[in-house]
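A short worksheet on the structure shown next.
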Amino acid sequence: MTWPETELVDRAVRGEPDATSALLSSVQPGIVRYCRARLGKIGGGFTTADDISQEVCIAILKALPKYRQQGVPFSAFVYSIAARKVTDAQRAAIRQAAPAPDPAFERPDPDPGPEQRAVAADQARLLGVLLEHLPETQREIVVLRVAVGLSADEVGSTLNMTPVAVRVAQSRALARLRTLAADVFGEPMERRAA
Amino acid sequence: MTVEHDDELLSALGSGSPVDSDDPLTGLLHAWRTEVDTDIPPLRLPSPSPAGSLAGGHVPAQSGLALDGFGAGSTAGDGRPGGGNRRKWLGGWRLPRPVIIGAIASAFVFGGLTAAAASAEPGSPFWPITQIVFSDKANSKLAEQEVLALLEQVRKASPQERPALVATAREKIARISDLTVRERLLAELEALIAAAPAPANSVLPVPSPTPSQVDGPGATPSPNTPTPSKTGGLLPPILPSLLPSLPLPLPDLPLLD
C-alpha cells in the first residue's frame with residue numbers, strides 16, 4: 001500500500017476539505033478490508049463490517065486535528081482507531097447477541113454464483129476460521145499485512161513492535177497456519193468449511 | 001531465509017496481486033484477501049462541511065446522508081451484528097436510516113410544497129414553482145385573473161366597448177382548465193350581460209371544454225369568490241389520466257385505485 005504523502009496529511013490536518021476528502025478516500029479501502037477481515041461475514045455478508053468501516057472513517061475525520069499530537073505514522077493512527085472500533089463492535093456484539101453460532105457457518109452461501117466463486121468463498125471462510133486459532137498479535141499482523149497491505153515496518157508502528165519482531169511473528173503465524181491448514185486439507189474441504 | 005521468504009510472500013499477498021504457489025495456505029490467504037477486497041463500498045463522508053468544521057474536529061450531528069447512521073449517538077456495536085438482517089427489508093435494498101428519514105421528510109416538505117404550489121396565486125412565493133410544475137394550472141390561474149379584470153371592465157364599460165370586452169372575456173374563460181372556476185366566471189359574465197341593456201353579443205356560443213382543459217374534481221376553487229354555479233359536480237371526470245399530477249389527496253378518485 002502506498003501511504004498518502006505527508007503534505008496531503010498536513011493539509012488534511014489543517015482542515016482543508018479537499019485534502020481531507022482525498023486522504024480519507026485513499027485510506028478507506030484498506031479500512032474496509034481490515035474491518036471485513038477482522039469481523040468476517042455476519043449474516044452472510046459484509047454489511048456489518050462495512051458499517052463499522054464507515055464508523056472508523058468518521059472517527060478518523062474527527063480525530064484528524066489531533067493527529068500530530070500522537071507522534072505516530074499515519075498508518076498507525078488509522079489502524080489504531082480501526083482496531084479500537086472493531087474491538088468495541090465485537091464487545092457490543094458479545095454483550096447483545098444471543099449465544100447463537102455464527103450463521104455464516106450454519107447456512108449455505110445465499111448467492112453461490114459460479115463454482116469457482118463458491119470455492120473461493122469457502123477458502124476465504126476457512127482462512128477466517130484458521131485465523132481464530134492464532135494468538136491475537138499474530139492474527140492482527142496477518143490481517144494488517146495481507147488484508148490491508150501494510151508493510152512490516154508499518155505494522156510495527158501500528159502494533160508498537162520493531163520491524164524485526166513483526167517479521168519473526170508473521171513467520172510464526174504462517175507456520176502455525178500451515179499446520180492448521182494441513183490438518184484441514186486432510187479432509188474434504190467442503191465438509192470442513194460448510 | 002524463511003523469515004525473508006515469508007515477508008516477501010506476505011507483501012505480495014498484501015498487494016492483491018495473484019501469487020503463483022502450490023502452497024495451499026497461499027491459496028487460502030489469496031482467496032481471503034480477494035474476498036475482503038471485493039465490492040468496496042463508496043466512502044460516505046459527512047456532507048460538505050462549513051469551512052473550518054473539519055479542522056475543529058467537529059462533525060455535525062445532523063450531517064445527514066453521509067453519516068449514514070453513524071451519528072454521535074451511534075456506538076460501534078449497537079446491535080450491529082443484527083444490522084445485516086435488519087437492512088434486508090425492502091427486498092434486500094440497503095437504505096440507511098437517515099435516507100429513509102430524509103425521504104419521508106422530503107415527502108412531507110415537497111408534498112406540502114407541491115400542494116402549496118398547486119394552489120398558489122400569482123404573486124405568491126410559490127408561484128414560480130406553480131409555473132414550472134403546474135404549467136397548465138399556472139396558465140389557468142393567469143387566465144382567471146385576466147378574466148376577473150375583464151369582468152370589472154365589462155361592468156364599467158360603455159355599451160360600445162362592451163361587446164369586444166365580452167368576447168375577449170369568453171376567450172379567456174375558455175382557456176381556464178379548472179371546470180368549477182370556468183363555470184363560475186361564465187355565470188358571472190352571463191349575469192353581467194343580462195344586467196346590461198346591451199343588445200349585442202349575448203348570443204356568442206359558450207366554448208365547450210376539451211379534454212386537455214378539464215381539471216379534476218379535486219381542483220381547488222378560489223376561495224375568495226362566490227360560486228353561484230354548482231354545475232361542476234354534475235360533469236363526469238373526463239380522462240383522469242390526463243389530469244395534472246395533483247399532490248392533493250384524492251381518496252374518491254375511482255380510477256386511481
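Chain identifiers are assigned as A, B, and so on, following the order in which chains appear in the C-alpha cells; residues are numbered from 1 within each chain, and ligands are numbered from 1 in order of appearance.
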
Please tabulate, as JSON lines, the residues of chain A that come within 6 Å of chain B, each with its closest pair of atoms and the distance in Å to one decimal, counting only C-alpha atoms and ordering rows by chain, then residue number upward.
```
{"residue": "A:Arg14", "atom": "CA", "partner": "B:Ala55", "partner_atom": "CA", "distance": 5.7}
{"residue": "A:Gly15", "atom": "CA", "partner": "B:Ala55", "partner_atom": "CA", "distance": 3.8}
{"residue": "A:Arg33", "atom": "CA", "partner": "B:Val36", "partner_atom": "CA", "distance": 5.1}
{"residue": "A:Arg36", "atom": "CA", "partner": "B:Val36", "partner_atom": "CA", "distance": 5.8}
{"residue": "A:Thr47", "atom": "CA", "partner": "B:Gly84", "partner_atom": "CA", "distance": 5.4}
{"residue": "A:Thr48", "atom": "CA", "partner": "B:Gly84", "partner_atom": "CA", "distance": 5.8}
{"residue": "A:Lys62", "atom": "CA", "partner": "B:Gly57", "partner_atom": "CA", "distance": 4.5}
{"residue": "A:Pro65", "atom": "CA", "partner": "B:Ala55", "partner_atom": "CA", "distance": 5.7}
{"residue": "A:Asp88", "atom": "CA", "partner": "B:Ala76", "partner_atom": "CA", "distance": 5.8}
{"residue": "A:Ala89", "atom": "CA", "partner": "B:Gly77", "partner_atom": "CA", "distance": 4.0}
{"residue": "A:Ala92", "atom": "CA", "partner": "B:Gly77", "partner_atom": "CA", "distance": 4.7}
{"residue": "A:Ala120", "atom": "CA", "partner": "B:Ala31", "partner_atom": "CA", "distance": 5.5}
{"residue": "A:Gln123", "atom": "CA", "partner": "B:Leu28", "partner_atom": "CA", "distance": 5.2}
{"residue": "A:Ala124", "atom": "CA", "partner": "B:Trp32", "partner_atom": "CA", "distance": 4.0}
{"residue": "A:Leu127", "atom": "CA", "partner": "B:Leu28", "partner_atom": "CA", "distance": 5.8}
{"residue": "A:Arg145", "atom": "CA", "partner": "B:Gly14", "partner_atom": "CA", "distance": 5.7}
{"residue": "A:Val146", "atom": "CA", "partner": "B:Gly14", "partner_atom": "CA", "distance": 3.9}
{"residue": "A:Ala147", "atom": "CA", "partner": "B:Arg33", "partner_atom": "CA", "distance": 5.1}
{"residue": "A:Gly149", "atom": "CA", "partner": "B:Gly14", "partner_atom": "CA", "distance": 3.9}
{"residue": "A:Ser171", "atom": "CA", "partner": "B:Val3", "partner_atom": "CA", "distance": 5.6}
{"residue": "A:Arg178", "atom": "CA", "partner": "B:Leu25", "partner_atom": "CA", "distance": 6.0}
```

Item to check | Test item, alpha helix (DSSP H) assignment across range 1-171 of chain A, answer as a ChimeraX atom specification | outcome: /A:6-13,17-39,47-63,67-70,74-96,115-131,136-142,152-159,163-171

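Using only C-alpha atoms, the nearest neighbour of Glu55 in chain A within the list A:Ile141, A:Ile42, A:Lys85, A:Tyr34 is A:Lys85.
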
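In this model, the gap between CA of Pro159 in chain B and CA of Glu190 in chain B comes to 15.3 Å.
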
Next on the checklist: Here is a test: counting only C-alpha atoms, which residue of A:Ser26, A:Gln69, A:Gln138, A:Thr20 is nearest to Met161 in chain A?
Outcome noted: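 Of A:Ser26, A:Gln69, A:Gln138, A:Thr20, the one nearest Met161 in chain A, counting only C-alpha atoms, is A:Gln138.
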
Item to check | Long-range neighbours of Cys35 in chain A as a ChimeraX atom specification, 8 Å cut-off, only C-alpha atoms, 4 positions minimum in chain | outcome: /A:31,39-40,49-50,52-53,82,86

Go ahead and write the selection's residues with C-alpha atoms as an mmCIF file, in the first residue's frame.
```cif
data_model
loop_
_atom_site.group_PDB
_atom_site.id
_atom_site.type_symbol
_atom_site.label_atom_id
_atom_site.label_comp_id
_atom_site.auth_asym_id
_atom_site.auth_seq_id
_atom_site.Cartn_x
_atom_site.Cartn_y
_atom_site.Cartn_z
ATOM 1 C CA ILE A 31 -10.075 0.238 6.392
ATOM 2 C CA LEU A 39 -15.237 -9.235 11.625
ATOM 3 C CA GLY A 40 -15.855 -11.614 8.747
ATOM 4 C CA ALA A 49 -18.137 -4.864 8.723
ATOM 5 C CA ASP A 50 -18.735 -2.140 6.145
ATOM 6 C CA ILE A 52 -18.008 -0.370 11.147
ATOM 7 C CA SER A 53 -15.523 0.744 8.496
ATOM 8 C CA ALA A 82 -9.847 0.912 13.346
ATOM 9 C CA VAL A 86 -13.665 -3.268 15.721
#
```

Item to check | For CA of Gly45 in chain A and CA of Gln96 in chain A, the interatomic separation in Å (one decimal) | outcome: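 So the answer is 19.3 Å.
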
Item to check | Selected residue of minimal separation from Leu159 in chain A among A:Val78, A:Leu180, A:Leu134, A:Ile94, counting only C-alpha atoms | outcome: A:Val78

Next on the checklist: I'd like the interatomic distance between CA of Asp183 in chain A and CA of Glu136 in chain A, to a tenth of an Å.
Outcome noted: 20.9 Å

Checklist entry - Which residue out of A:Arg167, A:Gln28, A:Val142, A:Val155 has the minimum interatomic distance to Leu130 in chain A when only C-alpha atoms are used? => result A:Val142
